[in-house]
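Report on one structure; see the data block that follows.
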Amino acid sequence: MNPEILEQLSYLTSEEMELLNGHQTIDRSLYYAPEKGEKNTVIDHRKVLDNGKLIDIRPHTRFVHFPKHSHNYIEFVYMCVGSTRHVIDGQDITLREGDLLFMNQHATQEIYPAGRDDIAVNFMIRPEFFDSVLPKLSEDHNPLRDFLISCLTDKDMGGNYLYFQVHGLLPVQNLMENLIWLMIKNPEQKRNLAQQSMALLFEHLVSQDVNICLPENSFEQELMIKLFNYIETEYKNAALSEFIEKNSIDIYTMGRIIKKNTGKTFKYLLMDKRMKTAAYLLKNTELTTVDISYNIGYENTSYFHRLFKMTYGMSPREFRVSS
């Protein structure tokens with residue numbers, strides 16, 4: 001890694017100085033929402049992502065044991081030098097130089113103390129960051145695309161992490177170094193470039209012969225990931241009948257699995273995706289509401305207007321003006 005970057009990541013933080021001076025545990029005020037009490041184990045994006053940022057980085061805090069926790073954001077860990085030991089959803093993983101660990105917001109993580117020369121970078125990312133990344137990826141079924149789809153869901157379906165052993169893959173190492181450099185040098189002004197770099201990184205990870213360590217998924221978990229992938233990419237013409245035919249499952253069983261894993265129906269999940277897409281198009285394009293309605297799968301614009309107002313409490317026109 002570039003010596004200048006490594007030097008900057010190696011500086012002792014004030015938290016690490018306190019740990020070296022005898023403090024035995026993490027400083028909860030840096031990670032957890034105080035209003036949720038001492039038993040809260042969810043690291044809060046409001047603590048680690050300043051001013052509503054969609055993405056940021058911070059060096060991993062060394063010299064301390066992080067007890068079991070989860071995050072309300074997505075976290076990527078890149079091991080710059082040395083190693084760190086993690087327990088993810090009960091599975092023991094040791095990251096070594098050049099390795100990548102991706103965790104969605106449902107993963108549970110425990111981290112053992114790292115030494116002074118064990119330098120890792122944590123990427124903290126809100127799910128919205130991937131709105132422009134996911135469409136750039138190949139639509140072919142692959143573990144990374146499935147993982148990103150799982151990041152967009154509110155339900156824990158298992159399969160909450162991916163572990164890439166990519167130390168010898170030079171394009172990935174170069175992209176990670178460039179991405180870290182971008183994030184160090186004023187990330188908010190370079191968010192689009194960071195998103196492009198992330199999409200390119202993912203393309204390399206799925207197109208190269210890399211060692212991907214996957215958690216064990218149940219049949220239902222894999223089926224739900226396929227469903228979310230289907231809705232994400234085919235929302236304009238998606239139909240439950242088509243999905244069950246492709247996956248050789250009956251409609252009653254599929255309906256039960258969807259309800260069990262999300263608490264919702266296929267119809268609701270599809271509508272939710274269409275409404276979010278409509279909101280994005282209203283904010284970011286000059287398409288007419290008629291065109292937007294058609295592009296997301298509604299030929300009846302009156303029906304689209306009713307659904308949109310039911311979802312957002314205002315008409316598409318009012319939403320566009322207020323954005």
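How things are named: the first chain in the structure tokens is A, the next is B, and so on; residues count from 1 in each chain; ligands count from 1 in the order shown.
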*If you count only C-alpha atoms, which residues fall within 12 Å of A:Tyr252, apart from same-chain ones fewer than 5 positions away, as a VMD selection string?*
chain A and resid 240 to 241 244 257 to 259 265 to 266
How about saving the chosen residues, C-alpha atoms kept, as a JSON list (two decimals), in the first residue's frame?
```
[["chain", "number", "residue", "atom", "x", "y", "z"],
["A", 240, "LEU", "CA", -45.41, -13.66, -8.92],
["A", 241, "SER", "CA", -46.69, -16.23, -11.43],
["A", 244, "ILE", "CA", -42.74, -19.24, -9.18],
["A", 257, "ILE", "CA", -42.31, -17.90, 2.57],
["A", 258, "ILE", "CA", -42.63, -14.22, 1.59],
["A", 259, "LYS", "CA", -45.00, -13.54, 4.51],
["A", 265, "THR", "CA", -46.98, -9.80, 0.34],
["A", 266, "PHE", "CA", -45.39, -9.95, -3.11]]
```
*Counting only C-alpha atoms, what is within 12 Å of A:Leu223, bar same-chain residues fewer than 2 positions away, as a PyMOL selection string?*
chain A and resi 146+150+157-159+217-221+225-230+243-244+246-249+253-255+257-258+261
_Computed interatomic separation between atom CA of A:Arg116 and atom CA of A:His60 (Å)_ =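 Spanning atom CA of A:Arg116 to atom CA of A:His60 is a straight-line distance of 10.8 Å.
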For stretch 144-201 of chain A versus stretch 121-124 of chain A, which residues have an atom no more than 12 Å away, and what is each residue's nearest atom pair and distance in Å rounded to one decimal, using only C-alpha atoms, chain-then-number order, as a tab-separated table?
```
residue	atom	partner	partner_atom	distance
A:Met176	CA	A:Val121	CA	10.1
A:Glu177	CA	A:Val121	CA	10.6
A:Leu179	CA	A:Phe123	CA	10.0
A:Ile180	CA	A:Val121	CA	8.2
A:Trp181	CA	A:Val121	CA	11.5
A:Met183	CA	A:Phe123	CA	9.3
A:Ile184	CA	A:Val121	CA	11.1
A:Pro187	CA	A:Phe123	CA	11.7
A:Ala194	CA	A:Phe123	CA	11.5
A:Met198	CA	A:Phe123	CA	11.1
```
*Using only C-alpha atoms, pick whichever of A:Leu30, A:Ile111, A:Ile149, A:Leu134 has the shortest atom-to-atom distance to A:Met224.*
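Nearest to A:Met224: A:Ile149.
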_I need the residues in stretch 163-287 of chain A that are strand (DSSP E or B) according to DSSP; give them as JSON, numbers by chain._
{"A": [163, 164, 165, 211, 212, 213]}
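When the distance limit is 10 Å and only C-alpha atoms are what count, the residues near A:Asp272, minus those fewer than 3 positions from it on the same chain, are A:Ile231, A:Tyr235, A:Phe266, A:Lys267, A:Tyr268, A:Leu269, A:Met275, A:Lys276, A:Thr277, A:Ala278, A:Leu307, A:Phe308, A:Thr311.
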Save the residues we just selected, C-alpha atoms, as a JSON list (two decimals), in the first residue's frame?
```json
[["chain", "number", "residue", "atom", "x", "y", "z"],
["A", 231, "ILE", "CA", -38.12, -7.37, -8.04],
["A", 235, "TYR", "CA", -40.11, -4.38, -11.35],
["A", 266, "PHE", "CA", -45.39, -9.95, -3.11],
["A", 267, "LYS", "CA", -47.84, -7.27, -4.25],
["A", 268, "TYR", "CA", -46.70, -4.91, -1.49],
["A", 269, "LEU", "CA", -42.97, -5.55, -2.11],
["A", 275, "MET", "CA", -42.93, 3.80, -5.59],
["A", 276, "LYS", "CA", -39.29, 4.26, -4.56],
["A", 277, "THR", "CA", -38.27, 4.25, -8.22],
["A", 278, "ALA", "CA", -40.98, 6.78, -9.04],
["A", 307, "LEU", "CA", -50.74, 4.60, -4.88],
["A", 308, "PHE", "CA", -48.13, 7.37, -4.78],
["A", 311, "THR", "CA", -47.31, 6.04, 0.02]]
```
*as a VMD selection string, please: all residues of stretch 185-274 of chain A that backbone DSSP puts in alpha helix (DSSP H).*
chain A and resid 191 to 207 219 to 234 240 to 246 251 to 262 266 to 274
*What is the atom CA of A:Gly263-atom CA of A:Ala33 distance in Å, reported with one decimal?*
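Taking atom CA of A:Gly263 and atom CA of A:Ala33, their separation equals 26.9 Å.
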*Can you list, as an NGL selection string, every protein, DNA or RNA residue that comes within 10 Å of A:Asp131 when you count only C-alpha atoms, leaving out same-chain residues fewer than 2 positions away?*
:A and (127-129 or 133-136 or 152 or 195 or 277 or 280)
Please produce a file of those selected residues containing C-alpha atoms, as a JSON list (two decimals), in the first residue's frame.
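So the final result, stored in again_33.json, reads:
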```json
[["chain", "number", "residue", "atom", "x", "y", "z"],
["A", 127, "PRO", "CA", -28.07, 1.41, 1.81],
["A", 128, "GLU", "CA", -29.07, 4.39, -0.37],
["A", 129, "PHE", "CA", -25.47, 4.60, -1.60],
["A", 133, "VAL", "CA", -24.15, 1.14, -7.91],
["A", 134, "LEU", "CA", -26.45, -1.84, -8.29],
["A", 135, "PRO", "CA", -27.71, -0.97, -11.81],
["A", 136, "LYS", "CA", -24.10, -0.91, -13.03],
["A", 152, "LEU", "CA", -31.70, -3.26, 0.65],
["A", 195, "GLN", "CA", -19.79, 5.17, -6.35],
["A", 277, "THR", "CA", -38.27, 4.25, -8.22],
["A", 280, "TYR", "CA", -36.21, 8.82, -7.52]]
```
*With only C-alpha atoms as the basis for distance, which of A:Cys80, A:Ile55, A:Leu169, A:Leu193 is at the shortest distance from A:Arg126?*
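Using only C-alpha atoms, the shortest distance to A:Arg126 belongs to A:Ile55.
The neighbours of A:Glu75 here are the residues that come within 8 Å of it, using only C-alpha atoms and leaving out any residue fewer than 2 positions away in the same chain; they are His71, Tyr73, Val77, Phe102, Met103, Asn104, Gln105, Asn122, Phe123, Met124 and Ile125 of chain A.
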*Could you work out how far atom CA of A:Ser70 lies from atom CA of A:Asp50, giving the answer in Å with one decimal?*
18.7 Å
*May I ask which of the residues A:Ile5, A:Leu205, A:Ile26, A:Ile296 is the closest one to A:Thr61, counting only C-alpha atoms?*
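Among A:Ile5, A:Leu205, A:Ile26, A:Ile296, it is A:Ile26 that comes nearest to A:Thr61.
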*Excluding same-chain residues fewer than 6 positions from A:Pro34, what lies within 10 Å of it counting only C-alpha atoms, as a count of residues only?*
3
